[in-house]
Amino acid sequence: MAQGLSTVHILGAGPTGSLAALALAENNQRVVLHDPLSVESLTARSRAYAITHSSRRLLQDLELWDRLIDDLIPFELLDLRDQSINKRVLFRLKDLPSGHQTHGGIGWILDHGPLMQSLFNRLRLHSGVELFLGSPPPRSGPNDLVVAADGPGSPTRASWGIHHWQHNYRQGCLTAKVAMRGVGEKKAFELFRSEGPLAVLPLGQGNFQVVWSAPLHKCKQRCELSRSGFLDQLAAILPPGLEPDRLLDRPRAFPQQLMLAHRLSCGRGVLIGEAGHRCHPVGGQGLNLCWRDVETLLQSVRGGGSPSTIARRYGRQRWMDLLLVGLSTDLLVRLFSNRSRLLLPFRGLAIGLLALNSTLRKLSLRAMSDGPMQLMRVLPD
Ligand SMILES: Cc1cc2nc3c(=O)[nH]c(=O)nc-3n(C[C@H](O)[C@H](O)[C@H](O)COP(=O)(O)OP(=O)(O)OC[C@H]3O[C@@H](n4cnc5c(N)ncnc54)[C@H](O)[C@@H]3O)c2cc1C
């Protein structure tokens, strides 16, 4: 247990703040978790997350994995296609490190509702956690660590005077849940199109989460379409055999940014999750990156010392992963979401090499599922 640390005050009970609260409480810290929203509002969002093996390990360590197992929809096949050049590569379970293959998925799709319900069920019962959801929190004391997990617009980041680098993509993102015919249950798609990538992710029982990137005004127009109009537009761009049948929620459009805070710590405070960084949704890295923040924060707290020592250590250790993932997702979007004929041969070469060479497939899948920082290390499992 860290010396000199009294309580951890977490501001923001989204998926990052709530998981951080559980992880720290399980490691014998007293935790105060605050969000201006009620539990009902925090649980009600309609979205689904792609979960990678780095997140799987953390959920297992916190004994959440088995509780969520019925809601974790695995995919064993990732079909990645460049529709402009009509080439594709298939990532299979056997392209994962052998230790990962036994878990039965390249990745999983997890709906926001069951995730937040499981987290709040655990947090409510935990003797080390005080919840202030929809109610004001107590003030933090001088020996408390303050963890800002208050999302991309983070008022705490602003109040600490931390500036950030930001690039607003011309592309926005539309998310929708759609029932489809013609796809195997355990298959996910990432389709590179000139207007932006389109991911089709299995939610089980023939339902899929669609994450459709395109210029923001087009995303907004598509959200306004009638249900049948929306399904027709989607059907027109999906690979042959994939047939959207029913729209299961209201499509929503939101802007996309690459964002990184200039610093991840300030005195006895740290930024975690989207309060500190955002990246393009291509490759489904976002929430997994946020949860790797939680893992690093936990290690830093275990390292001991005063709250400001813990905060500084966290800030130092977290940079590289965020930078590498942010830059590689940005590079992917720039390379594959444009109409430049000059780039077509490079795209063809990249997809061709991946399709032919299993070592390259294994390396890229490992970087995606464990993070680029794990490439040179022995995997924990
Ligand atoms: C419209 C939309 C749709 C999305 N859809 C998807 C998707 O389909 N798949 C996917 O993988 N990702 C999606 N994302 C991204 C995903 O939601 C984020 O990666 C994830 O929510 C980050 O979690 P977080 O806990 O860091 O931040 P958030 O989820 O943003 O949580 C921040 C929390 O902080 C609280 N807060 C704000 N101000 C304060 C304050 N002053 N004090 C205390 N608390 C405060 C907020 O109420 C909120 O609950 C979507 C994002 C948006 C905006």
# chains A, B, ... in the order shown; residues from 1 in each chain; ligands from 1
call {"tool": "residues_near_ligand", "arguments": {"ligand": "ligand 1", "cutoff": "7 Å", "atoms": "only C-alpha atoms and all ligand atoms", "output": "PyMOL selection string"}}
result
chain A and resi 11-17+34-37+42+47-50+149-152+154-156+175+211+252-254+272-275+281+284+286-287+290
call {"tool": "residues_around", "arguments": {"residues": "Ser364 of chain A", "least_positions_apart": "2", "cutoff": "12 Å", "atoms": "only C-alpha atoms", "output": "count of residues only"}}
result
26
call {"tool": "atom_distance", "arguments": {"atom1": "atom CA of Arg312 of chain A", "atom2": "atom CA of Pro136 of chain A"}}
result
27.5 Å
call {"tool": "select_by_dssp", "arguments": {"residues": "segment 111-226 of chain A", "states": "strand (DSSP E or B)", "output": "short mmCIF file (atom, residue, chain, number, x, y, z; two decimals) with all heavy atoms, in the first residue's frame"}}
result
data_model
loop_
_atom_site.label_atom_id
_atom_site.label_comp_id
_atom_site.auth_asym_id
_atom_site.auth_seq_id
_atom_site.Cartn_x
_atom_site.Cartn_y
_atom_site.Cartn_z
N ASP A 111 -21.30 -4.63 -24.95
CA ASP A 111 -22.25 -3.53 -24.93
C ASP A 111 -22.05 -2.68 -23.67
O ASP A 111 -21.69 -3.19 -22.61
CB ASP A 111 -23.68 -4.12 -24.96
CG ASP A 111 -24.64 -3.13 -25.58
OD1 ASP A 111 -24.36 -2.63 -26.68
OD2 ASP A 111 -25.67 -2.84 -24.94
N VAL A 129 -15.22 1.86 -1.36
CA VAL A 129 -15.66 2.85 -2.36
C VAL A 129 -16.85 3.66 -1.85
O VAL A 129 -17.80 3.11 -1.32
CB VAL A 129 -16.09 2.13 -3.67
CG1 VAL A 129 -16.55 3.14 -4.72
CG2 VAL A 129 -14.97 1.28 -4.23
N GLU A 130 -16.76 4.98 -2.01
CA GLU A 130 -17.93 5.85 -1.74
C GLU A 130 -18.37 6.44 -3.06
O GLU A 130 -17.56 7.04 -3.78
CB GLU A 130 -17.54 7.00 -0.82
CG GLU A 130 -17.44 6.62 0.64
CD GLU A 130 -17.12 7.87 1.47
OE1 GLU A 130 -18.04 8.57 1.87
OE2 GLU A 130 -15.92 8.13 1.63
N LEU A 131 -19.66 6.25 -3.38
CA LEU A 131 -20.17 6.74 -4.67
C LEU A 131 -20.93 8.06 -4.49
O LEU A 131 -21.78 8.17 -3.60
CB LEU A 131 -21.12 5.70 -5.27
CG LEU A 131 -20.52 4.37 -5.71
CD1 LEU A 131 -21.61 3.44 -6.22
CD2 LEU A 131 -19.47 4.58 -6.80
N PHE A 132 -20.61 9.03 -5.33
CA PHE A 132 -21.35 10.30 -5.36
C PHE A 132 -21.80 10.50 -6.80
O PHE A 132 -21.19 11.25 -7.56
CB PHE A 132 -20.47 11.46 -4.87
CG PHE A 132 -20.08 11.32 -3.42
CD1 PHE A 132 -18.96 10.58 -3.06
CD2 PHE A 132 -20.86 11.90 -2.42
CE1 PHE A 132 -18.61 10.43 -1.72
CE2 PHE A 132 -20.52 11.75 -1.08
CZ PHE A 132 -19.40 11.01 -0.73
N LEU A 133 -22.83 9.77 -7.19
CA LEU A 133 -23.31 9.82 -8.58
C LEU A 133 -24.59 10.65 -8.61
O LEU A 133 -25.59 10.30 -7.97
CB LEU A 133 -23.56 8.41 -9.11
CG LEU A 133 -22.34 7.47 -9.00
CD1 LEU A 133 -22.66 6.08 -9.50
CD2 LEU A 133 -21.13 8.04 -9.74
N LEU A 145 -4.99 11.61 -3.89
CA LEU A 145 -4.66 11.64 -5.32
C LEU A 145 -5.95 11.98 -6.06
O LEU A 145 -7.02 11.42 -5.76
CB LEU A 145 -4.16 10.24 -5.74
CG LEU A 145 -3.81 10.03 -7.21
CD1 LEU A 145 -2.54 10.79 -7.58
CD2 LEU A 145 -3.59 8.53 -7.49
N VAL A 146 -5.89 12.92 -7.00
CA VAL A 146 -7.09 13.29 -7.76
C VAL A 146 -6.94 12.74 -9.17
O VAL A 146 -5.95 13.01 -9.86
CB VAL A 146 -7.28 14.83 -7.81
CG1 VAL A 146 -8.54 15.18 -8.59
CG2 VAL A 146 -7.36 15.39 -6.38
N VAL A 147 -7.92 11.93 -9.57
CA VAL A 147 -7.88 11.28 -10.88
C VAL A 147 -8.99 11.88 -11.75
O VAL A 147 -10.17 11.70 -11.46
CB VAL A 147 -8.07 9.75 -10.73
CG1 VAL A 147 -8.12 9.08 -12.10
CG2 VAL A 147 -6.95 9.15 -9.89
N ALA A 148 -8.60 12.59 -12.79
CA ALA A 148 -9.60 13.18 -13.69
C ALA A 148 -9.91 12.18 -14.80
O ALA A 148 -9.05 11.87 -15.62
CB ALA A 148 -9.08 14.48 -14.28
N HIS A 164 -3.70 21.05 -24.68
CA HIS A 164 -3.62 19.78 -25.40
C HIS A 164 -3.42 20.02 -26.90
O HIS A 164 -3.77 21.07 -27.42
CB HIS A 164 -4.89 18.93 -25.18
CG HIS A 164 -6.16 19.64 -25.55
ND1 HIS A 164 -6.78 20.54 -24.73
CD2 HIS A 164 -6.90 19.57 -26.68
CE1 HIS A 164 -7.86 21.00 -25.32
NE2 HIS A 164 -7.97 20.44 -26.50
N TRP A 165 -2.78 19.03 -27.55
CA TRP A 165 -2.69 19.05 -29.01
C TRP A 165 -3.99 18.45 -29.53
O TRP A 165 -4.47 17.45 -28.98
CB TRP A 165 -1.54 18.18 -29.51
CG TRP A 165 -0.19 18.69 -29.18
CD1 TRP A 165 0.47 19.74 -29.76
CD2 TRP A 165 0.69 18.16 -28.18
NE1 TRP A 165 1.70 19.90 -29.18
CE2 TRP A 165 1.87 18.95 -28.22
CE3 TRP A 165 0.61 17.12 -27.26
CZ2 TRP A 165 2.95 18.72 -27.38
CZ3 TRP A 165 1.69 16.89 -26.43
CH2 TRP A 165 2.84 17.69 -26.49
N GLN A 166 -4.50 19.03 -30.60
CA GLN A 166 -5.75 18.48 -31.13
C GLN A 166 -5.79 18.60 -32.64
O GLN A 166 -5.44 19.64 -33.20
CB GLN A 166 -6.92 19.24 -30.52
CG GLN A 166 -8.26 18.71 -30.95
CD GLN A 166 -9.38 19.32 -30.12
OE1 GLN A 166 -9.27 19.44 -28.91
NE2 GLN A 166 -10.45 19.71 -30.77
N HIS A 167 -6.18 17.52 -33.28
CA HIS A 167 -6.44 17.58 -34.72
C HIS A 167 -7.86 17.10 -34.94
O HIS A 167 -8.22 15.98 -34.56
CB HIS A 167 -5.44 16.68 -35.47
CG HIS A 167 -5.81 16.46 -36.89
ND1 HIS A 167 -5.77 17.48 -37.83
CD2 HIS A 167 -6.26 15.36 -37.55
CE1 HIS A 167 -6.17 17.01 -38.99
NE2 HIS A 167 -6.47 15.73 -38.85
N ASN A 168 -8.70 17.98 -35.51
CA ASN A 168 -10.08 17.57 -35.79
C ASN A 168 -10.13 16.91 -37.16
O ASN A 168 -9.78 17.55 -38.16
CB ASN A 168 -11.01 18.79 -35.79
CG ASN A 168 -11.15 19.36 -34.40
OD1 ASN A 168 -11.15 18.63 -33.40
ND2 ASN A 168 -11.24 20.67 -34.32
N TYR A 169 -10.52 15.66 -37.19
CA TYR A 169 -10.63 14.99 -38.49
C TYR A 169 -11.80 15.58 -39.27
O TYR A 169 -12.81 15.97 -38.68
CB TYR A 169 -10.85 13.48 -38.30
CG TYR A 169 -9.61 12.76 -37.82
CD1 TYR A 169 -9.53 12.30 -36.50
CD2 TYR A 169 -8.53 12.55 -38.65
CE1 TYR A 169 -8.40 11.64 -36.04
CE2 TYR A 169 -7.40 11.90 -38.19
CZ TYR A 169 -7.34 11.44 -36.90
OH TYR A 169 -6.22 10.81 -36.46
N ARG A 170 -11.61 15.61 -40.59
CA ARG A 170 -12.74 16.02 -41.45
C ARG A 170 -13.84 14.95 -41.31
O ARG A 170 -15.01 15.22 -41.41
CB ARG A 170 -12.21 16.06 -42.89
CG ARG A 170 -12.93 16.97 -43.84
CD ARG A 170 -12.16 17.04 -45.15
NE ARG A 170 -11.76 15.73 -45.65
CZ ARG A 170 -12.53 14.93 -46.36
NH1 ARG A 170 -13.75 15.31 -46.69
NH2 ARG A 170 -12.10 13.76 -46.80
N GLN A 171 -13.36 13.74 -41.03
CA GLN A 171 -14.29 12.62 -40.87
C GLN A 171 -14.99 12.66 -39.51
O GLN A 171 -14.36 12.96 -38.52
CB GLN A 171 -13.53 11.30 -40.88
CG GLN A 171 -13.18 10.80 -42.22
CD GLN A 171 -12.27 9.59 -42.11
OE1 GLN A 171 -12.22 8.91 -41.09
NE2 GLN A 171 -11.57 9.32 -43.20
N GLY A 172 -16.27 12.34 -39.53
CA GLY A 172 -16.96 12.07 -38.28
C GLY A 172 -17.21 10.57 -38.22
O GLY A 172 -16.71 9.80 -39.06
N CYS A 173 -18.02 10.18 -37.26
CA CYS A 173 -18.29 8.76 -37.09
C CYS A 173 -19.76 8.57 -36.78
O CYS A 173 -20.34 9.31 -35.99
CB CYS A 173 -17.41 8.28 -35.94
SG CYS A 173 -17.51 6.55 -35.70
N LEU A 174 -20.34 7.60 -37.44
CA LEU A 174 -21.75 7.28 -37.19
C LEU A 174 -21.79 5.90 -36.55
O LEU A 174 -21.11 4.98 -37.02
CB LEU A 174 -22.49 7.30 -38.53
CG LEU A 174 -23.95 6.92 -38.60
CD1 LEU A 174 -24.57 7.54 -39.85
CD2 LEU A 174 -24.17 5.42 -38.62
N THR A 175 -22.54 5.75 -35.47
CA THR A 175 -22.67 4.41 -34.89
C THR A 175 -24.15 3.99 -34.93
O THR A 175 -25.04 4.83 -34.71
CB THR A 175 -22.17 4.35 -33.42
OG1 THR A 175 -22.90 5.30 -32.65
CG2 THR A 175 -20.70 4.65 -33.31
N ALA A 176 -24.38 2.72 -35.24
CA ALA A 176 -25.75 2.21 -35.28
C ALA A 176 -25.71 0.70 -35.01
O ALA A 176 -24.71 0.04 -35.32
CB ALA A 176 -26.37 2.47 -36.65
N LYS A 177 -26.78 0.20 -34.41
CA LYS A 177 -26.91 -1.25 -34.23
C LYS A 177 -27.88 -1.78 -35.28
O LYS A 177 -28.98 -1.25 -35.43
CB LYS A 177 -27.40 -1.57 -32.82
CG LYS A 177 -26.34 -1.26 -31.78
CD LYS A 177 -26.79 -1.56 -30.37
CE LYS A 177 -25.65 -1.24 -29.42
NZ LYS A 177 -26.09 -1.08 -28.04
N VAL A 178 -27.45 -2.83 -35.99
CA VAL A 178 -28.21 -3.29 -37.15
C VAL A 178 -28.28 -4.83 -37.13
O VAL A 178 -27.27 -5.50 -36.88
CB VAL A 178 -27.50 -2.85 -38.47
CG1 VAL A 178 -28.29 -3.28 -39.69
CG2 VAL A 178 -27.29 -1.34 -38.50
N ALA A 179 -29.48 -5.37 -37.39
CA ALA A 179 -29.61 -6.83 -37.58
C ALA A 179 -29.24 -7.13 -39.03
O ALA A 179 -29.68 -6.42 -39.94
CB ALA A 179 -31.04 -7.26 -37.29
N MET A 180 -28.40 -8.17 -39.23
CA MET A 180 -27.96 -8.48 -40.60
C MET A 180 -28.09 -9.97 -40.89
O MET A 180 -28.02 -10.80 -39.98
CB MET A 180 -26.49 -8.10 -40.78
CG MET A 180 -26.24 -6.63 -40.72
SD MET A 180 -24.72 -6.21 -41.56
CE MET A 180 -24.32 -4.69 -40.74
N ARG A 181 -28.19 -10.26 -42.19
CA ARG A 181 -28.16 -11.65 -42.63
C ARG A 181 -26.89 -11.88 -43.43
O ARG A 181 -26.33 -10.94 -43.99
CB ARG A 181 -29.37 -11.94 -43.52
CG ARG A 181 -30.62 -12.27 -42.71
CD ARG A 181 -31.81 -12.40 -43.61
NE ARG A 181 -32.24 -11.11 -44.09
CZ ARG A 181 -32.76 -10.89 -45.29
NH1 ARG A 181 -32.93 -11.87 -46.13
NH2 ARG A 181 -33.14 -9.67 -45.65
N LYS A 187 -17.55 -13.26 -36.82
CA LYS A 187 -16.73 -12.57 -37.80
C LYS A 187 -16.91 -11.05 -37.67
O LYS A 187 -18.03 -10.58 -37.48
CB LYS A 187 -17.14 -13.03 -39.20
CG LYS A 187 -16.24 -12.53 -40.30
CD LYS A 187 -16.56 -13.26 -41.61
CE LYS A 187 -15.70 -12.73 -42.74
NZ LYS A 187 -15.97 -13.37 -44.00
N ALA A 188 -15.80 -10.32 -37.74
CA ALA A 188 -15.86 -8.86 -37.74
C ALA A 188 -15.24 -8.34 -39.03
O ALA A 188 -14.38 -9.01 -39.62
CB ALA A 188 -15.10 -8.30 -36.54
N PHE A 189 -15.69 -7.17 -39.47
CA PHE A 189 -15.16 -6.57 -40.69
C PHE A 189 -14.58 -5.20 -40.40
O PHE A 189 -15.14 -4.44 -39.62
CB PHE A 189 -16.28 -6.36 -41.73
CG PHE A 189 -16.85 -7.62 -42.29
CD1 PHE A 189 -17.86 -8.30 -41.63
CD2 PHE A 189 -16.39 -8.12 -43.50
CE1 PHE A 189 -18.40 -9.46 -42.16
CE2 PHE A 189 -16.92 -9.27 -44.03
CZ PHE A 189 -17.93 -9.95 -43.36
N GLU A 190 -13.45 -4.89 -41.06
CA GLU A 190 -12.96 -3.50 -41.12
C GLU A 190 -12.77 -3.21 -42.60
O GLU A 190 -11.93 -3.84 -43.26
CB GLU A 190 -11.65 -3.37 -40.35
CG GLU A 190 -11.07 -1.95 -40.29
CD GLU A 190 -11.65 -1.07 -39.18
OE1 GLU A 190 -11.38 -1.33 -37.99
OE2 GLU A 190 -12.38 -0.12 -39.51
N LEU A 191 -13.60 -2.31 -43.12
CA LEU A 191 -13.57 -2.03 -44.55
C LEU A 191 -13.00 -0.64 -44.76
O LEU A 191 -13.53 0.34 -44.22
CB LEU A 191 -14.99 -2.08 -45.12
CG LEU A 191 -15.82 -3.33 -44.78
CD1 LEU A 191 -17.25 -3.17 -45.23
CD2 LEU A 191 -15.19 -4.56 -45.42
N PHE A 192 -11.89 -0.54 -45.52
CA PHE A 192 -11.33 0.77 -45.82
C PHE A 192 -11.99 1.30 -47.08
O PHE A 192 -11.94 0.66 -48.14
CB PHE A 192 -9.81 0.68 -46.00
CG PHE A 192 -9.10 0.43 -44.71
CD1 PHE A 192 -8.33 -0.71 -44.51
CD2 PHE A 192 -9.18 1.35 -43.66
CE1 PHE A 192 -7.67 -0.93 -43.32
CE2 PHE A 192 -8.52 1.13 -42.46
CZ PHE A 192 -7.77 -0.01 -42.29
N ARG A 193 -12.63 2.45 -46.93
CA ARG A 193 -13.31 3.09 -48.06
C ARG A 193 -12.74 4.50 -48.20
O ARG A 193 -12.23 5.06 -47.22
CB ARG A 193 -14.82 3.13 -47.81
CG ARG A 193 -15.38 1.78 -47.41
CD ARG A 193 -16.86 1.86 -47.12
NE ARG A 193 -17.58 2.35 -48.28
CZ ARG A 193 -18.18 3.53 -48.31
NH1 ARG A 193 -18.18 4.31 -47.26
NH2 ARG A 193 -18.80 3.94 -49.40
N GLY A 196 -13.74 6.90 -45.58
CA GLY A 196 -13.36 6.57 -44.19
C GLY A 196 -13.61 5.11 -43.91
O GLY A 196 -14.33 4.44 -44.67
N PRO A 197 -13.02 4.55 -42.83
CA PRO A 197 -13.22 3.13 -42.53
C PRO A 197 -14.63 2.82 -42.01
O PRO A 197 -15.27 3.69 -41.42
CB PRO A 197 -12.17 2.84 -41.44
CG PRO A 197 -11.73 4.16 -40.92
CD PRO A 197 -12.08 5.21 -41.91
N LEU A 198 -15.05 1.59 -42.26
CA LEU A 198 -16.36 1.14 -41.78
C LEU A 198 -16.13 -0.18 -41.05
O LEU A 198 -15.60 -1.13 -41.63
CB LEU A 198 -17.30 0.91 -42.98
CG LEU A 198 -18.60 0.17 -42.69
CD1 LEU A 198 -19.58 1.08 -41.97
CD2 LEU A 198 -19.25 -0.30 -43.99
N ALA A 199 -16.52 -0.24 -39.77
CA ALA A 199 -16.37 -1.48 -39.02
C ALA A 199 -17.74 -2.10 -38.80
O ALA A 199 -18.72 -1.39 -38.53
CB ALA A 199 -15.69 -1.21 -37.68
N VAL A 200 -17.82 -3.42 -38.94
CA VAL A 200 -19.05 -4.17 -38.66
C VAL A 200 -18.68 -5.20 -37.60
O VAL A 200 -17.88 -6.11 -37.85
CB VAL A 200 -19.58 -4.86 -39.94
CG1 VAL A 200 -20.85 -5.63 -39.65
CG2 VAL A 200 -19.84 -3.83 -41.04
N LEU A 201 -19.25 -5.03 -36.40
CA LEU A 201 -18.79 -5.81 -35.24
C LEU A 201 -19.93 -6.64 -34.66
O LEU A 201 -21.03 -6.09 -34.44
CB LEU A 201 -18.26 -4.84 -34.16
CG LEU A 201 -17.25 -3.81 -34.66
CD1 LEU A 201 -17.02 -2.71 -33.63
CD2 LEU A 201 -15.93 -4.49 -34.99
N PRO A 202 -19.71 -7.94 -34.43
CA PRO A 202 -20.82 -8.80 -34.00
C PRO A 202 -21.27 -8.54 -32.56
O PRO A 202 -20.45 -8.41 -31.66
CB PRO A 202 -20.23 -10.22 -34.11
CG PRO A 202 -18.76 -10.03 -33.96
CD PRO A 202 -18.44 -8.66 -34.51
N LEU A 203 -22.61 -8.44 -32.39
CA LEU A 203 -23.18 -8.27 -31.04
C LEU A 203 -23.93 -9.52 -30.61
O LEU A 203 -24.57 -9.53 -29.56
CB LEU A 203 -24.16 -7.09 -31.03
CG LEU A 203 -23.57 -5.70 -31.30
CD1 LEU A 203 -24.68 -4.67 -31.48
CD2 LEU A 203 -22.67 -5.30 -30.15
N GLY A 204 -23.88 -10.59 -31.45
CA GLY A 204 -24.58 -11.84 -31.12
C GLY A 204 -26.00 -11.83 -31.67
O GLY A 204 -26.57 -10.76 -31.93
N ASN A 207 -27.08 -9.64 -34.64
CA ASN A 207 -27.03 -8.18 -34.54
C ASN A 207 -25.58 -7.69 -34.62
O ASN A 207 -24.66 -8.38 -34.16
CB ASN A 207 -27.64 -7.71 -33.21
CG ASN A 207 -29.09 -8.14 -33.10
OD1 ASN A 207 -29.75 -8.32 -34.13
ND2 ASN A 207 -29.57 -8.33 -31.89
N PHE A 208 -25.41 -6.48 -35.18
CA PHE A 208 -24.06 -5.94 -35.38
C PHE A 208 -24.01 -4.46 -35.02
O PHE A 208 -25.00 -3.74 -35.20
CB PHE A 208 -23.63 -6.13 -36.85
CG PHE A 208 -23.41 -7.58 -37.20
CD1 PHE A 208 -24.50 -8.38 -37.53
CD2 PHE A 208 -22.15 -8.14 -37.14
CE1 PHE A 208 -24.32 -9.73 -37.81
CE2 PHE A 208 -21.97 -9.48 -37.43
CZ PHE A 208 -23.05 -10.29 -37.76
N GLN A 209 -22.84 -4.05 -34.51
CA GLN A 209 -22.59 -2.62 -34.33
C GLN A 209 -21.86 -2.12 -35.57
O GLN A 209 -20.84 -2.70 -35.97
CB GLN A 209 -21.70 -2.42 -33.08
CG GLN A 209 -21.11 -1.03 -32.96
CD GLN A 209 -21.93 -0.10 -32.07
OE1 GLN A 209 -22.89 -0.52 -31.44
NE2 GLN A 209 -21.56 1.15 -32.05
N VAL A 210 -22.40 -1.07 -36.16
CA VAL A 210 -21.76 -0.48 -37.33
C VAL A 210 -21.09 0.82 -36.89
O VAL A 210 -21.71 1.64 -36.24
CB VAL A 210 -22.82 -0.19 -38.42
CG1 VAL A 210 -22.22 0.62 -39.57
CG2 VAL A 210 -23.41 -1.49 -38.95
N VAL A 211 -19.79 0.95 -37.21
CA VAL A 211 -19.06 2.19 -36.91
C VAL A 211 -18.58 2.74 -38.25
O VAL A 211 -17.64 2.22 -38.83
CB VAL A 211 -17.87 1.93 -35.95
CG1 VAL A 211 -17.21 3.24 -35.53
CG2 VAL A 211 -18.31 1.16 -34.71
N TRP A 212 -19.27 3.76 -38.74
CA TRP A 212 -19.18 4.18 -40.14
C TRP A 212 -18.57 5.59 -40.18
O TRP A 212 -19.21 6.56 -39.80
CB TRP A 212 -20.60 4.18 -40.70
CG TRP A 212 -20.75 4.42 -42.16
CD1 TRP A 212 -19.80 4.77 -43.06
CD2 TRP A 212 -21.99 4.32 -42.88
NE1 TRP A 212 -20.36 4.88 -44.30
CE2 TRP A 212 -21.69 4.61 -44.23
CE3 TRP A 212 -23.30 4.00 -42.54
CZ2 TRP A 212 -22.67 4.61 -45.22
CZ3 TRP A 212 -24.28 4.00 -43.52
CH2 TRP A 212 -23.96 4.29 -44.85
N SER A 213 -17.29 5.67 -40.62
CA SER A 213 -16.62 6.97 -40.70
C SER A 213 -16.81 7.57 -42.08
O SER A 213 -16.72 6.87 -43.09
CB SER A 213 -15.12 6.82 -40.43
OG SER A 213 -14.91 6.31 -39.14
N ALA A 214 -17.05 8.87 -42.10
CA ALA A 214 -17.28 9.61 -43.35
C ALA A 214 -17.25 11.09 -42.99
O ALA A 214 -17.27 11.43 -41.81
CB ALA A 214 -18.64 9.24 -43.94
N PRO A 215 -17.19 11.99 -43.98
CA PRO A 215 -17.26 13.41 -43.62
C PRO A 215 -18.45 13.65 -42.68
O PRO A 215 -19.54 13.08 -42.89
CB PRO A 215 -17.45 14.10 -44.98
CG PRO A 215 -16.77 13.18 -45.94
CD PRO A 215 -17.02 11.80 -45.43
#
call {"tool": "residues_around", "arguments": {"residues": "Asn27 of chain A", "least_positions_apart": "2", "cutoff": "9 Å", "atoms": "only C-alpha atoms", "output": "MDAnalysis selection string"}}
result
chainID A and resid 1 22:25 29 298 301:302
call {"tool": "select_by_dssp", "arguments": {"residues": "segment 242-371 of chain A", "states": "alpha helix (DSSP H)", "output": "ChimeraX atom specification"}}
result
/A:286-302,307-336,344-356,358-370
call {"tool": "atom_distance", "arguments": {"atom1": "atom CA of Leu343 of chain A", "atom2": "atom CA of Arg81 of chain A"}}
result
15.7 Å
call {"tool": "decode", "arguments": {"residues": "segment 214-227 of chain A", "atoms": "N, CA and C atoms", "output": "PDB file, in the first residue's frame"}}
result
ATOM      1  N   ALA A 214     -17.054   8.869 -42.096  1.00  0.00           N
ATOM      2  CA  ALA A 214     -17.278   9.607 -43.349  1.00  0.00           C
ATOM      3  C   ALA A 214     -17.245  11.093 -42.992  1.00  0.00           C
ATOM      4  N   PRO A 215     -17.185  11.987 -43.984  1.00  0.00           N
ATOM      5  CA  PRO A 215     -17.261  13.408 -43.623  1.00  0.00           C
ATOM      6  C   PRO A 215     -18.449  13.653 -42.683  1.00  0.00           C
ATOM      7  N   LEU A 216     -18.218  14.507 -41.670  1.00  0.00           N
ATOM      8  CA  LEU A 216     -19.214  14.647 -40.601  1.00  0.00           C
ATOM      9  C   LEU A 216     -20.598  15.034 -41.133  1.00  0.00           C
ATOM     10  N   HIS A 217     -20.632  15.926 -42.143  1.00  0.00           N
ATOM     11  CA  HIS A 217     -21.959  16.346 -42.632  1.00  0.00           C
ATOM     12  C   HIS A 217     -22.704  15.156 -43.253  1.00  0.00           C
ATOM     13  N   LYS A 218     -21.945  14.226 -43.865  1.00  0.00           N
ATOM     14  CA  LYS A 218     -22.607  13.043 -44.446  1.00  0.00           C
ATOM     15  C   LYS A 218     -23.143  12.140 -43.333  1.00  0.00           C
ATOM     16  N   CYS A 219     -22.338  11.995 -42.256  1.00  0.00           N
ATOM     17  CA  CYS A 219     -22.803  11.172 -41.122  1.00  0.00           C
ATOM     18  C   CYS A 219     -24.115  11.732 -40.581  1.00  0.00           C
ATOM     19  N   LYS A 220     -24.153  13.080 -40.454  1.00  0.00           N
ATOM     20  CA  LYS A 220     -25.367  13.704 -39.904  1.00  0.00           C
ATOM     21  C   LYS A 220     -26.553  13.506 -40.842  1.00  0.00           C
ATOM     22  N   GLN A 221     -26.287  13.655 -42.163  1.00  0.00           N
ATOM     23  CA  GLN A 221     -27.381  13.440 -43.134  1.00  0.00           C
ATOM     24  C   GLN A 221     -27.903  12.009 -43.027  1.00  0.00           C
ATOM     25  N   ARG A 222     -26.978  11.046 -42.890  1.00  0.00           N
ATOM     26  CA  ARG A 222     -27.400   9.642 -42.830  1.00  0.00           C
ATOM     27  C   ARG A 222     -28.233   9.372 -41.572  1.00  0.00           C
ATOM     28  N   CYS A 223     -27.904  10.090 -40.493  1.00  0.00           N
ATOM     29  CA  CYS A 223     -28.687   9.909 -39.254  1.00  0.00           C
ATOM     30  C   CYS A 223     -30.127  10.390 -39.435  1.00  0.00           C
ATOM     31  N   GLU A 224     -30.318  11.338 -40.359  1.00  0.00           N
ATOM     32  CA  GLU A 224     -31.665  11.891 -40.567  1.00  0.00           C
ATOM     33  C   GLU A 224     -32.495  11.047 -41.543  1.00  0.00           C
ATOM     34  N   LEU A 225     -31.866  10.071 -42.193  1.00  0.00           N
ATOM     35  CA  LEU A 225     -32.599   9.267 -43.182  1.00  0.00           C
ATOM     36  C   LEU A 225     -33.691   8.429 -42.512  1.00  0.00           C
ATOM     37  N   SER A 226     -34.692   8.045 -43.302  1.00  0.00           N
ATOM     38  CA  SER A 226     -35.681   7.091 -42.781  1.00  0.00           C
ATOM     39  C   SER A 226     -34.955   5.766 -42.533  1.00  0.00           C
ATOM     40  N   ARG A 227     -35.578   4.877 -41.757  1.00  0.00           N
ATOM     41  CA  ARG A 227     -34.939   3.585 -41.460  1.00  0.00           C
ATOM     42  C   ARG A 227     -34.589   2.833 -42.741  1.00  0.00           C
TER      43      ARG A 227
END
